[in-house]
Each structure stands twice: as C-alpha cells, then as structure tokens.
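Heads up, protein.txt below (compact mmCIF, C-alpha atoms):
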```txt
# COMPACT_ATOMS: atom_id res chain seq x y z
CA MET T 459 -36.68 14.72 13.22
CA GLU T 460 -34.30 11.87 14.01
CA THR T 461 -35.89 9.48 16.45
CA LEU T 462 -33.84 7.05 18.52
CA GLU T 463 -35.55 4.18 16.75
CA ARG T 464 -34.54 5.53 13.38
CA ILE T 465 -30.96 6.15 14.52
CA LEU T 466 -30.77 2.58 15.78
CA ALA T 467 -32.23 1.22 12.55
CA GLU T 468 -29.65 3.12 10.51
CA HIS T 469 -26.65 2.14 12.58
CA PRO T 470 -24.61 -0.60 10.84
CA PHE T 471 -24.85 -2.83 13.92
CA PHE T 472 -28.64 -2.97 13.77
CA LYS T 473 -28.98 -2.81 10.00
CA GLY T 474 -31.73 -5.13 8.82
CA MET T 475 -33.02 -5.89 12.32
CA ASP T 476 -36.70 -6.67 12.70
CA GLN T 477 -38.78 -3.57 13.40
CA ARG T 478 -40.41 -5.20 16.45
CA TYR T 479 -37.03 -5.76 18.06
CA LEU T 480 -35.92 -2.22 17.27
CA GLU T 481 -39.00 -0.92 19.06
CA LEU T 482 -38.12 -3.00 22.13
CA LEU T 483 -34.48 -1.90 22.01
CA THR T 484 -35.38 1.77 21.74
CA GLY T 485 -36.77 1.60 25.27
CA CYS T 486 -33.25 0.82 26.49
CA ALA T 487 -31.48 3.52 24.42
CA SER T 488 -30.43 7.09 25.17
CA ASN T 489 -28.32 9.76 23.50
CA VAL T 490 -24.97 10.48 25.14
CA ARG T 491 -22.00 12.74 24.37
CA PHE T 492 -18.43 12.87 25.60
CA GLU T 493 -15.88 15.64 25.38
CA ALA T 494 -12.39 14.93 24.06
CA GLY T 495 -10.32 13.40 26.87
CA GLU T 496 -13.35 12.31 28.86
CA TYR T 497 -13.39 8.70 30.08
CA ILE T 498 -16.51 6.80 29.06
CA PHE T 499 -15.67 3.99 31.43
CA ARG T 500 -12.73 2.64 33.33
CA ALA T 501 -11.49 -0.89 33.89
CA GLU T 502 -13.12 -2.69 36.82
CA GLU T 503 -16.13 -0.40 36.89
CA GLU T 504 -19.51 -2.03 36.49
CA ALA T 505 -20.37 -2.61 32.83
CA ASN T 506 -23.97 -1.65 32.36
CA GLN T 507 -24.07 -0.24 28.84
CA PHE T 508 -22.75 -0.54 25.36
CA TYR T 509 -22.40 2.30 22.89
CA LEU T 510 -23.12 2.79 19.22
CA ILE T 511 -20.73 5.49 18.11
CA ARG T 512 -22.43 8.06 15.90
CA GLN T 513 -19.62 10.59 15.66
CA GLY T 514 -16.09 10.90 17.01
CA LYS T 515 -13.39 8.50 18.08
CA VAL T 516 -12.90 6.41 21.21
CA ALA T 517 -9.67 4.78 22.38
CA LEU T 518 -9.75 1.50 24.24
CA GLU T 519 -6.82 1.58 26.63
CA ALA T 520 -5.00 -0.60 29.14
CA PHE T 521 -3.06 1.11 31.87
CA ALA T 522 0.38 -0.25 32.70
CA PRO T 523 2.00 1.47 35.70
CA GLU T 524 5.44 1.37 34.08
CA ARG T 525 4.24 2.59 30.66
CA GLY T 526 1.09 4.58 31.29
CA PRO T 527 -2.01 4.18 29.10
CA ILE T 528 -1.54 1.90 26.09
CA VAL T 529 -4.03 2.27 23.27
CA ILE T 530 -5.19 -1.13 22.10
CA LEU T 531 -7.70 -0.04 19.54
CA THR T 532 -9.68 2.98 18.46
CA LEU T 533 -13.31 2.91 17.44
CA ASP T 534 -14.91 5.32 15.02
CA GLN T 535 -18.28 6.35 13.74
CA GLY T 536 -20.47 3.32 13.00
CA GLU T 537 -18.67 1.04 15.43
CA VAL T 538 -19.77 -0.55 18.69
CA LEU T 539 -18.05 -0.04 22.03
CA GLY T 540 -18.28 -2.62 24.81
CA TRP T 541 -19.51 -6.13 25.37
CA SER T 542 -18.57 -6.71 29.02
CA TRP T 543 -22.16 -5.81 29.96
CA LEU T 544 -23.22 -9.04 28.27
CA PHE T 545 -21.30 -11.52 30.41
CA PRO T 546 -20.85 -11.90 34.16
CA PRO T 547 -19.22 -10.40 36.16
CA HIS T 548 -20.35 -7.36 34.09
CA ARG T 549 -17.18 -5.35 34.67
CA TRP T 550 -15.14 -3.42 32.12
CA ARG T 551 -11.75 -4.91 31.33
CA PHE T 552 -10.27 -1.78 29.78
CA ASP T 553 -10.59 2.00 29.90
CA ALA T 554 -12.44 3.82 27.13
CA GLN T 555 -11.56 7.43 26.46
CA ALA T 556 -13.09 9.81 23.93
CA VAL T 557 -10.16 10.93 21.75
CA GLU T 558 -12.32 13.66 20.23
CA PHE T 559 -15.82 14.94 20.84
CA THR T 560 -18.00 11.85 20.57
CA ARG T 561 -21.73 11.32 20.23
CA ALA T 562 -23.20 7.89 20.80
CA ILE T 563 -26.31 5.95 21.62
CA ALA T 564 -25.97 4.22 24.98
CA LEU T 565 -27.93 1.00 25.41
CA ASP T 566 -28.72 -0.04 28.95
CA GLY T 567 -27.26 -3.48 29.60
CA ALA T 568 -29.55 -4.51 32.46
CA CYS T 569 -32.59 -3.51 30.40
CA LEU T 570 -31.28 -5.45 27.39
CA ARG T 571 -30.40 -8.52 29.40
CA LYS T 572 -33.96 -8.66 30.70
CA LYS T 573 -35.56 -8.10 27.29
CA THR T 574 -33.40 -10.71 25.58
CA GLU T 575 -34.12 -13.25 28.35
CA ASP T 576 -37.82 -12.58 27.88
CA ASN T 577 -37.60 -12.80 24.11
CA HIS T 578 -35.16 -15.46 23.00
CA ASP T 579 -35.71 -14.81 19.30
CA MET T 580 -34.57 -11.26 19.82
CA GLY T 581 -31.78 -12.53 22.08
CA TYR T 582 -30.57 -14.90 19.36
CA GLU T 583 -30.58 -12.09 16.80
CA PHE T 584 -28.68 -9.93 19.23
CA MET T 585 -26.13 -12.62 20.04
CA LYS T 586 -25.54 -13.32 16.34
CA ARG T 587 -24.62 -9.68 15.83
CA PHE T 588 -22.37 -9.54 18.88
CA SER T 589 -20.71 -12.85 17.94
CA GLN T 590 -19.86 -11.45 14.53
CA LEU T 591 -18.48 -8.32 16.16
CA MET T 592 -16.35 -10.38 18.54
CA ALA T 593 -15.13 -12.66 15.76
CA ARG T 594 -14.01 -9.63 13.74
CA ALA T 595 -12.30 -8.15 16.78
CA LEU T 596 -10.53 -11.44 17.43
CA LEU T 597 -9.33 -11.63 13.83
CA ALA T 598 -8.07 -8.05 13.95
CA THR T 599 -6.30 -8.71 17.25
CA ARG T 600 -4.61 -11.78 15.81
CA LEU T 601 -3.42 -9.70 12.87
CA GLN T 602 -2.10 -7.07 15.27
CA LEU T 603 -0.27 -9.78 17.20
CA LEU T 604 1.36 -11.02 14.01
CA ASN T 605 3.27 -7.75 13.82
CA VAL T 606 3.16 -8.02 10.03
CA TYR T 607 5.28 -4.95 9.31
CA GLU T 608 8.28 -6.18 11.26
CA LEU T 609 10.90 -7.79 9.02
CA ASN T 610 12.06 -10.27 11.66
CA PRO T 611 9.31 -10.37 14.30
CA MET J 616 -17.92 -5.27 -14.39
CA SER J 617 -14.22 -5.94 -14.47
CA THR J 618 -11.38 -3.80 -15.72
CA ASN J 619 -10.80 -6.69 -18.09
CA SER J 620 -7.11 -5.98 -18.16
CA THR J 621 -3.88 -7.40 -17.02
CA PRO J 622 -1.56 -5.08 -15.14
CA GLU J 623 -0.37 -2.42 -17.49
CA THR J 624 2.82 -3.24 -19.34
CA MET J 625 5.19 -0.52 -20.31
CA MET J 626 5.51 -0.79 -24.04
CA GLY J 627 8.36 1.38 -25.18
CA ARG J 628 9.59 2.10 -21.69
CA GLU J 629 11.81 -0.89 -21.13
CA PRO J 630 15.47 0.11 -21.09
CA SER J 631 17.31 -0.59 -24.36
CA ALA J 632 20.33 -2.01 -22.52
CA PRO J 633 18.69 -3.58 -19.47
CA MET J 634 21.87 -4.91 -17.88
CA LEU J 635 23.78 -1.63 -18.12
CA PRO J 636 23.41 0.68 -15.10
CA ARG J 637 22.80 4.32 -15.94
CA PRO J 638 24.70 6.73 -13.68
CA CYS J 639 22.35 8.94 -11.69
CA THR J 640 23.22 11.72 -9.29
CA VAL J 641 21.73 12.00 -5.84
CA GLN J 642 19.80 15.27 -5.67
CA ARG J 643 18.34 14.86 -2.24
CA VAL J 644 18.20 12.41 0.66
CA ARG J 645 15.25 12.60 3.01
CA GLN J 646 14.97 10.52 6.18
CA GLU J 647 11.39 9.27 6.35
CA THR J 648 11.59 7.17 9.52
CA TYR J 649 14.38 5.80 11.71
CA ASP J 650 15.14 3.05 9.15
CA THR J 651 13.64 4.34 5.92
CA PHE J 652 14.82 7.11 3.61
CA THR J 653 13.96 8.55 0.22
CA LEU J 654 16.53 9.16 -2.51
CA GLU J 655 15.81 11.68 -5.24
CA LEU J 656 17.97 11.00 -8.28
CA ALA J 657 18.50 12.58 -11.68
CA PRO J 658 20.21 10.98 -14.70
CA ALA J 659 23.83 12.22 -14.72
CA ALA J 660 23.62 12.69 -18.49
CA GLY J 661 20.45 14.75 -18.11
CA GLY J 662 17.03 13.98 -19.54
CA ALA J 663 14.05 12.28 -18.01
CA PHE J 664 13.34 8.81 -16.64
CA PRO J 665 9.77 7.92 -17.64
CA PHE J 666 8.09 5.15 -15.69
CA ALA J 667 4.63 3.90 -14.84
CA PRO J 668 3.19 3.60 -11.31
CA GLY J 669 4.19 0.27 -9.80
CA GLN J 670 7.43 -0.24 -11.73
CA PHE J 671 10.80 -0.68 -10.08
CA ASN J 672 14.48 -0.02 -10.73
CA MET J 673 17.63 -1.87 -9.81
CA LEU J 674 19.78 0.51 -7.78
CA TYR J 675 23.48 -0.19 -7.71
CA ALA J 676 25.55 1.01 -4.76
CA PHE J 677 28.96 0.81 -6.39
CA GLY J 678 31.20 -1.81 -4.86
CA VAL J 679 28.47 -3.13 -2.59
CA GLY J 680 25.60 -4.51 -4.61
CA GLU J 681 22.37 -4.05 -6.46
CA VAL J 682 18.84 -4.08 -5.11
CA ALA J 683 15.34 -3.84 -6.57
CA ILE J 684 13.49 -0.76 -5.35
CA SER J 685 10.02 0.44 -6.37
CA ILE J 686 9.77 3.87 -7.85
CA SER J 687 7.86 6.08 -5.44
CA GLY J 688 7.86 9.40 -7.26
CA ASP J 689 5.44 11.25 -9.49
CA PRO J 690 5.12 9.70 -12.97
CA GLY J 691 4.11 13.16 -14.18
CA ARG J 692 7.54 14.49 -13.21
CA PRO J 693 9.93 12.00 -14.82
CA GLU J 694 12.91 14.32 -14.39
CA LYS J 695 12.94 13.34 -10.71
CA LEU J 696 13.55 9.69 -9.98
CA VAL J 697 12.39 8.91 -6.45
CA HIS J 698 12.90 5.74 -4.40
CA THR J 699 11.97 5.09 -0.80
CA ILE J 700 14.23 2.50 0.78
CA ARG J 701 14.21 0.62 4.07
CA ALA J 702 17.76 0.03 5.27
CA VAL J 703 17.81 -3.66 6.09
CA GLY J 704 20.84 -5.14 4.32
CA ALA J 705 24.33 -4.20 3.15
CA THR J 706 23.21 -2.62 -0.13
CA THR J 707 20.27 -0.65 1.23
CA LYS J 708 22.42 0.55 4.12
CA ALA J 709 25.10 1.65 1.63
CA LEU J 710 22.43 3.52 -0.35
CA GLY J 711 21.47 5.18 2.92
CA HIS J 712 24.98 6.57 3.26
CA LEU J 713 24.81 8.37 -0.09
CA ARG J 714 24.73 12.14 -0.01
CA ARG J 715 23.82 14.88 -2.46
CA GLY J 716 26.14 14.75 -5.48
CA ASP J 717 27.02 11.06 -5.09
CA THR J 718 26.42 8.69 -7.96
CA VAL J 719 24.31 5.56 -8.02
CA GLY J 720 23.80 3.10 -10.89
CA VAL J 721 20.23 2.64 -12.07
CA ARG J 722 18.81 -0.09 -14.30
CA GLY J 723 15.18 0.11 -15.25
CA PRO J 724 12.35 0.77 -15.16
CA PHE J 725 11.22 -2.82 -15.01
CA GLY J 726 8.04 -4.75 -14.51
CA SER J 727 4.31 -4.34 -14.82
CA ALA J 728 2.34 -1.35 -13.56
CA TRP J 729 -0.83 -0.69 -11.61
CA PRO J 730 -3.80 -0.46 -14.01
CA ALA J 731 -4.25 3.22 -13.26
CA ALA J 732 -5.53 4.13 -16.74
CA ALA J 733 -7.86 1.11 -16.96
CA ALA J 734 -9.35 2.05 -13.58
CA ALA J 735 -10.56 5.41 -14.88
CA GLY J 736 -14.30 5.87 -14.48
CA ARG J 737 -14.44 3.66 -11.40
CA ASP J 738 -13.96 3.98 -7.67
CA LEU J 739 -10.49 3.19 -6.46
CA ILE J 740 -9.47 1.66 -3.16
CA ILE J 741 -5.75 1.77 -2.48
CA ILE J 742 -4.57 -0.28 0.50
CA ALA J 743 -1.01 0.04 1.70
CA GLY J 744 0.82 -1.55 4.59
CA GLY J 745 4.20 -0.38 5.87
CA ILE J 746 6.64 0.43 3.10
CA GLY J 747 3.98 -0.80 0.66
CA LEU J 748 2.85 2.80 0.40
CA ALA J 749 5.98 3.60 -1.63
CA PRO J 750 5.01 1.67 -4.80
CA LEU J 751 1.44 2.97 -4.49
CA ARG J 752 2.36 6.63 -4.10
CA PRO J 753 2.84 7.07 -7.89
CA VAL J 754 -0.76 5.88 -8.34
CA VAL J 755 -1.95 8.55 -5.92
CA TYR J 756 0.01 11.20 -7.84
CA HIS J 757 -1.44 9.94 -11.10
CA VAL J 758 -4.98 9.92 -9.74
CA LEU J 759 -4.67 13.41 -8.26
CA ARG J 760 -3.34 14.68 -11.57
CA ASN J 761 -6.35 13.14 -13.32
CA ARG J 762 -8.83 13.37 -10.47
CA GLN J 763 -11.90 14.04 -12.62
CA LYS J 764 -11.47 10.68 -14.35
CA TYR J 765 -12.11 8.64 -11.20
CA GLY J 766 -15.03 8.11 -8.87
CA ASN J 767 -14.48 7.86 -5.11
CA VAL J 768 -10.83 7.39 -4.24
CA VAL J 769 -9.95 5.84 -0.90
CA LEU J 770 -6.44 5.43 0.47
CA LEU J 771 -6.12 3.14 3.49
CA TYR J 772 -2.68 3.02 5.05
CA GLY J 773 -1.44 1.01 8.01
CA ALA J 774 1.92 0.96 9.72
CA ARG J 775 3.37 -0.60 12.85
CA THR J 776 3.64 2.55 14.98
CA PRO J 777 3.29 6.31 14.39
CA ALA J 778 7.10 6.44 14.05
CA ASP J 779 6.89 4.07 11.08
CA LEU J 780 4.50 6.18 9.00
CA LEU J 781 5.91 7.31 5.66
CA TYR J 782 5.27 10.61 3.89
CA THR J 783 3.47 12.12 6.87
CA LYS J 784 3.37 15.67 5.45
CA GLU J 785 1.93 14.45 2.19
CA LEU J 786 -0.61 12.29 4.01
CA GLU J 787 -1.73 15.37 5.94
CA GLN J 788 -2.12 17.31 2.69
CA TRP J 789 -4.05 14.49 1.06
CA ARG J 790 -6.31 14.17 4.10
CA GLY J 791 -7.15 17.83 3.73
CA ARG J 792 -8.59 17.30 0.26
CA PHE J 793 -12.33 16.93 -0.24
CA ASP J 794 -11.92 14.53 -3.14
CA LEU J 795 -9.75 11.94 -1.44
CA ASP J 796 -10.63 9.76 1.56
CA VAL J 797 -7.40 9.03 3.42
CA GLN J 798 -7.46 6.78 6.49
CA VAL J 799 -4.30 6.08 8.45
CA THR J 800 -3.88 3.59 11.27
CA VAL J 801 -1.12 2.03 13.32
CA ASP J 802 -1.00 -1.36 15.00
CA ARG J 803 0.25 0.04 18.28
CA ALA J 804 0.61 3.43 19.87
CA SER J 805 0.92 5.25 23.15
CA ALA J 806 -1.84 7.53 24.41
CA SER J 807 -0.04 10.54 22.87
CA TRP J 808 -1.15 9.32 19.42
CA HIS J 809 -4.53 10.82 18.57
CA GLY J 810 -5.06 8.89 15.38
CA THR J 811 -6.54 5.48 14.72
CA VAL J 812 -5.16 2.29 16.26
CA GLY J 813 -5.98 -1.07 14.72
CA VAL J 814 -5.22 -3.07 11.62
CA VAL J 815 -5.66 -1.45 8.22
CA THR J 816 -8.22 -4.04 7.15
CA ASN J 817 -10.64 -2.63 9.79
CA PHE J 818 -11.21 0.34 7.47
CA ILE J 819 -12.40 -1.70 4.52
CA PRO J 820 -16.03 -2.37 5.57
CA ARG J 821 -16.48 1.33 6.38
CA ALA J 822 -14.81 2.75 3.27
CA ARG J 823 -17.05 4.50 0.76
CA PHE J 824 -16.92 2.79 -2.61
CA ASP J 825 -19.27 1.02 -4.94
CA PRO J 826 -18.13 -2.62 -4.89
CA SER J 827 -19.53 -3.28 -8.35
CA GLU J 828 -17.47 -0.44 -9.82
CA THR J 829 -14.28 -0.54 -7.79
CA VAL J 830 -10.68 -1.34 -8.56
CA ALA J 831 -8.54 -2.34 -5.58
CA MET J 832 -4.76 -1.95 -5.49
CA ILE J 833 -2.96 -3.51 -2.55
CA CYS J 834 0.66 -3.52 -1.48
CA GLY J 835 2.18 -4.59 1.81
CA PRO J 836 3.33 -7.70 3.61
CA GLU J 837 1.83 -10.75 1.93
CA ILE J 838 -0.17 -11.76 4.99
CA MET J 839 -1.70 -8.29 5.23
CA MET J 840 -2.61 -8.41 1.54
CA ARG J 841 -4.28 -11.78 2.02
CA PHE J 842 -6.52 -10.48 4.80
CA ALA J 843 -7.24 -7.28 2.88
CA ILE J 844 -8.32 -9.34 -0.13
CA GLN J 845 -10.64 -11.41 2.08
CA GLU J 846 -12.32 -8.24 3.35
CA ILE J 847 -12.63 -6.83 -0.15
CA GLU J 848 -14.10 -10.08 -1.42
CA GLU J 849 -16.62 -9.96 1.44
CA MET J 850 -17.63 -6.53 0.18
CA GLU J 851 -18.31 -8.26 -3.15
CA VAL J 852 -15.71 -6.46 -5.22
CA ASN J 853 -15.16 -8.45 -8.41
CA THR J 854 -11.89 -10.34 -7.96
CA ASP J 855 -10.99 -9.44 -11.55
CA ASN J 856 -10.58 -5.90 -10.24
CA ILE J 857 -8.15 -6.66 -7.42
CA TYR J 858 -4.44 -6.06 -8.00
CA VAL J 859 -1.50 -6.77 -5.75
CA SER J 860 2.21 -6.04 -5.87
CA MET J 861 4.41 -9.00 -5.01
CA GLU J 862 7.92 -9.02 -3.69
CA ARG J 863 10.71 -11.57 -4.03
CA ASN J 864 14.48 -11.35 -4.16
CA MET J 865 15.32 -9.99 -7.61
CA LYS J 866 18.70 -10.10 -9.32
CA CYS J 867 18.67 -9.65 -13.09
CA ALA J 868 15.24 -7.95 -13.29
CA VAL J 869 14.66 -9.25 -16.82
CA GLY J 870 13.59 -12.85 -16.23
CA PHE J 871 16.94 -14.56 -16.92
CA CYS J 872 18.21 -15.62 -13.54
CA GLY J 873 15.11 -17.09 -11.92
CA HIS J 874 15.78 -15.63 -8.47
CA CYS J 875 12.33 -14.11 -8.28
CA GLN J 876 10.41 -17.09 -9.61
CA PHE J 877 6.88 -17.25 -8.25
CA GLY J 878 5.32 -20.47 -9.50
CA PRO J 879 5.21 -20.18 -13.28
CA ALA J 880 5.83 -16.42 -13.16
CA PHE J 881 8.82 -14.19 -12.60
CA ILE J 882 8.08 -11.27 -10.32
CA CYS J 883 10.53 -9.02 -12.18
CA LYS J 884 9.14 -9.64 -15.65
CA ASP J 885 5.50 -10.68 -15.16
CA GLY J 886 5.04 -8.55 -12.02
CA PRO J 887 5.54 -7.01 -9.59
CA VAL J 888 1.91 -5.97 -10.12
CA PHE J 889 -0.39 -8.92 -10.74
CA SER J 890 -4.10 -9.24 -11.04
CA TYR J 891 -5.20 -11.19 -7.98
CA ASN J 892 -6.96 -13.80 -10.09
CA SER J 893 -3.77 -14.59 -11.96
CA ILE J 894 -1.88 -15.55 -8.79
CA LYS J 895 -4.66 -16.43 -6.36
CA THR J 896 -3.90 -20.17 -6.42
CA LEU J 897 -0.20 -19.50 -5.78
CA LEU J 898 -0.75 -17.33 -2.71
CA ASN J 899 -1.79 -20.26 -0.56
CA ILE J 900 0.96 -22.63 -1.66
CA ARG J 901 3.69 -22.75 0.91
CA GLY J 902 7.28 -22.49 -0.18
CA ILE J 903 6.65 -20.65 -3.44
```
Serialized structure, structure tokens:
Amino acid sequence: METLERILAEHPFFKGMDQRYLELLTGCASNVRFEAGEYIFRAEEEANQFYLIRQGKVALEAFAPERGPIVILTLDQGEVLGWSWLFPPHRWRFDAQAVEFTRAIALDGACLRKKTEDNHDMGYEFMKRFSQLMARALLATRLQLLNVYELNP
Amino acid sequence: MSTNSTPETMMGREPSAPMLPRPCTVQRVRQETYDTFTLELAPAAGGAFPFAPGQFNMLYAFGVGEVAISISGDPGRPEKLVHTIRAVGATTKALGHLRRGDTVGVRGPFGSAWPAAAAAGRDLIIIAGGIGLAPLRPVVYHVLRNRQKYGNVVLLYGARTPADLLYTKELEQWRGRFDLDVQVTVDRASASWHGTVGVVTNFIPRARFDPSETVAMICGPEIMMRFAIQEIEEMEVNTDNIYVSMERNMKCAVGFCGHCQFGPAFICKDGPVFSYNSIKTLLNIRGI
C-alpha cells in the first residue's frame, strides 16, 4: 500500500530528503483531488497549502477583465504548485485551475511553517528546494518574456 | 558513450550541377499557420529527390529570388519534396503565392544531416522550437520507419501560441502512439487552450531517457537552443551526443560566397547540422 510518506519520498521535489524530515512532513500532508475545471485556489485567497501534483494538469492563471483568464503556466505530474504560503502576507497571487482531473498531495502551510521554525536544519533543506524551484521558474519566465519565436520581437 | 560521429554527410547525394536549379512542379500547398505554409514539389522531369534528414534546398521563386529552406518531408518517400516555409521576406512571400502546377527552381540537397543512423540503439531526444520542427520532422519519419532500432524517443516541441503550432494533425497522431513520447507546449495561451503552457525547456528534466545513452537533436531559435543545451547538460548527457541545426543567410549553398560564414565554418557546407562540441565556443561569441 502507498503511504503518504512513501509518496512524498518518491516525489521529485522531496527526492533524497532525510527520512526524519519526511516523517515530520507527512504529518502536514493529505491526499486531495480536483475535477477538471475546478479551481484549486483563487488570487487573494489565503495561501495555506502547497501541492505536489501526482497526476493531471493545473493551469496558473491571471484574470484580466478585458481579456478574461490568461494562462501563465501549466504544471504537470511531478511538479509543485504554490509558494505564496511561505511568505507573508500568505495570499495567492494567481488563480490555479485543474485543466484535467488532478490528484495531488496538499501540504499544510501553517503546519510546515511551524515545523521549519522549530527545526532550522529541516527549514534550510526545505528552503534550498524551494529556492531551486523559484530559480527555475524565474529562468523559464525570462525565457517566455524573450518571446524567442518572434522574428522581430 | 558518444555517437563518435560528426553529422552525417551525404556522400553521393550532392547535386552534380550545384548552381543549376532543377525545375520542380508544385503538387500541393498547405497553409500550416497564418504565416507558414508547406509546399509539396515533384521534379518536373520525373524521378526522385533523395535527401537525408536535416539537409536543405535552395528554392528559386523565378524573377524574385532564391532562399535556403530545410527539407521537411519523409526521406523514405523521395518522390515528394516537401518544404515548410515562413513567409517573412519577398522570396518566401512569392513562394507562398505559388499554386498547384506552378514551377519553382530547386538546387540541392545541400549540407550535413542529423546523425539518425549513428543514433540507432540509443534513446533520442528531439527538441524543436517554432519552425525548427520542420528540419526535424524528417528525423521523426526516419525513426518511425525504423522504430525498433531506437530506445526511448522523445519529441519536445514549443511554439509561441497554439496558432503557431505546425503539423498539428501529425502531432496528434504521433501523440497517440505508445512508442513515442510527444510533448507540446506554447509560451502563451488563452484559457481555451487545454494543453501545456511554458517554455519547451521545462520538459527536459521530466523527459524519460537514459542520459548516458541519449542523442539529442535540437533546432529552433539560437537562444532557445542554448537554454535547451544547458538543461541537457545538467541531465548529464554527453555533449558529444548533442547536435544542433544552425541558421544563417545562405546564398550559394556550396561554400563559395561566404554569406553563411560562422567562425571558421560555413553553415551551408559544414552544417547546417553541427555537433554541439564542434561549435560550442562559437555560440557565445557575439557578432559571429
């Protein structure tokens, strides 16, 4: 049987993480599922979780009144959704919608914030992983901004 | 382990009179996107037009000019000569006005080829950006025709928007196969697009291939290729096994005129397909 701890250990985001930390993290984790079209969160709502996507696809969207929802990025199996829970004011900046049926592990932000404050070694490990994630996202966004396929951008 | 090969050269396939255009008849014109179309040609005198994946022809729109265009058809069906063209200048726009039965001059095929044969027995990661899928499509045809000779085959394709995607019907067919992993993404899209949004390089860390036994073939805007190579290097693919297709303004196509000079190389004669290691130092030199 697949335990939450094992699922966490096998997810690329937590790959290689110390077993003791995984045990602590498991206490903050739960299985969640979203139907296609369902909003996982909306901009300005309180950000109290992040998600490890196990199956499906999620679109990160910004809503512009004159244009409607604009998809900024999609996230697939093996990817991580959300880091607004990590920094004050703990509010989502964008909407996240399941494009197709999606299964994920939700990690409780308040629970994680407390555990990482109590255990700085684990917090450092955690921050290293999120920093890498953010650096990759920043690089990808810069590439998107370059509009590389346009002949005369 | 490296493929230990330079891009494949086409012994015996260079034209005997390289400066003399061969009249070809337009068999079909297909609009791929708002600014890109595919011309299917056949030699007016009959016969076939053998080529290797990655090679290009010089297409002559009579009275307007000549332009280098990659061959995007099936190397296993040399009776059909296929080119996908983005209408951006006078000559490509003139080619876009051709209709079935019209004649176009063709010189070629020219240049080096993707190391499709040398890659047999290994995994293959094909990364295309924008119209860069056109010169890679012959590789996909070749691989599908010889599928049992390759390991995992991954095609990663990125375009600007859903409206810019080439060969959408074929991509759908390829995605339906169990022996080909096809991932398509666009840089921007409205909510009506249900596919992936993000840069094509995002796929690389998640693609299924064995880095120690993988050959990478990349074609797209140079900046996209640079970032794709960085990702592939991070995955620890041997840089000997990375190949790119370069683009410069070509005129003679046989290394006489120097228009396409790229450092010590000529894209037309020594390329367009290069092993990454052979040009790696040139890629970061500005003004080349």
Any idea which chain J residues end up within 9 Å of chain T if we count only C-alpha atoms, as a list in words please?
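Per the criterion, chain J yields Val703, Gly744, Gly745, Ile746, Ala774, Arg775, Asp802, Arg803, Ala804, Ser805, Ala806, Trp808, His809, Gly810, Thr811, Val812, Gly813, Val814, Thr816, Asn817, Arg821, Gly835, Pro836, Glu837, Ile838, Met839 and Phe842 of chain J.
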Atom pair atom CA of Glu503 of chain T / atom CA of Arg549 of chain T: separation (Å):
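Distance reported for this atom pair: 5.5 Å.
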Point-to-point distance in Å for atom CA of Phe559 of chain T and atom CA of Gln507 of chain T
19.0 Å
For segment 718-734 of chain J: contacts at 7 Å, all atoms listed in the file, fewer than 5 positions along chain excluded, given as a PyMOL selection string
chain J and resi 618+622-625+629-630+633-641+666-677+754+830+868+883-888
For a quick check of your reading of the model, name the residues lying within 7 Å of the coordinate (-8.6, 1.5, 0.1), counting all atoms listed in the file, and write them as a PyMOL selection string.
chain J and resi 740-742+769-771+819+831
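In this structure, atom CA of Thr783 of chain J sits 20.1 Å away from atom CA of Pro690 of chain J.
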Give me the residues near Ala702 of chain J as a JSON list (two decimals) with C-alpha atoms, in the frame of the given file, where near means some atom within 7 Å (using all atoms listed in the file) and where sequence neighbours in that chain fewer than 6 positions away do not count.
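What ended up in selection.json:
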```json
[["chain", "number", "residue", "atom", "x", "y", "z"],
["J", 650, "ASP", "CA", 15.14, 3.05, 9.15],
["J", 651, "THR", "CA", 13.64, 4.34, 5.92],
["J", 708, "LYS", "CA", 22.42, 0.55, 4.12],
["J", 711, "GLY", "CA", 21.47, 5.18, 2.92]]
```
Residues near Gly540 of chain T, anyone? I mean within 12 Å using all atoms listed in the file, not counting same-chain ones fewer than 5 positions away, as number ranges by chain.
T: 498-501, 504-511, 516-518, 533, 545, 548-554, 564-567, 588, 591-592, 595
Using the file's own x, y and z axes, so that the box edges lie along x, y and z, what centre and edge lengths in Å (one decimal) does a box around every listed atom of segment 729-746 of chain J get when 3 Å is added on each side? Give it as AutoDock Vina command-line options.
```
--center_x -3.9 --center_y 2.2 --center_z -5.5 --size_x 27.1 --size_y 13.4 --size_z 28.8
```
Which one is closest to Thr707 of chain J: J:Leu654, J:Cys834, J:Ser687, J:Val755? Count all atoms listed in the file.
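Using all atoms listed in the file, Thr707 of chain J sits closest to J:Leu654.
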Give the answer as one residue: which of J:Ala822, J:Ile857, J:Gly688, J:Ile903 has the shortest atom-to-atom distance to Gln876 of chain J, using all atoms listed in the file?
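Comparing J:Ala822, J:Ile857, J:Gly688, J:Ile903 against Gln876 of chain J, the winner is J:Ile903.
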Name the residues in contact with Asp738 of chain J at a cut-off of 8 Å, using all atoms listed in the file, excluding same-chain residues fewer than 6 positions from it; report them as number ranges by chain.
J: 765-768, 824-825, 828-830
If we count all atoms listed in the file, what is near Glu851 of chain J at a cut-off of 10 Å, once residues fewer than 4 positions away on the same chain are taken out, given as a ChimeraX atom specification?
/J:825-827,829,845-847
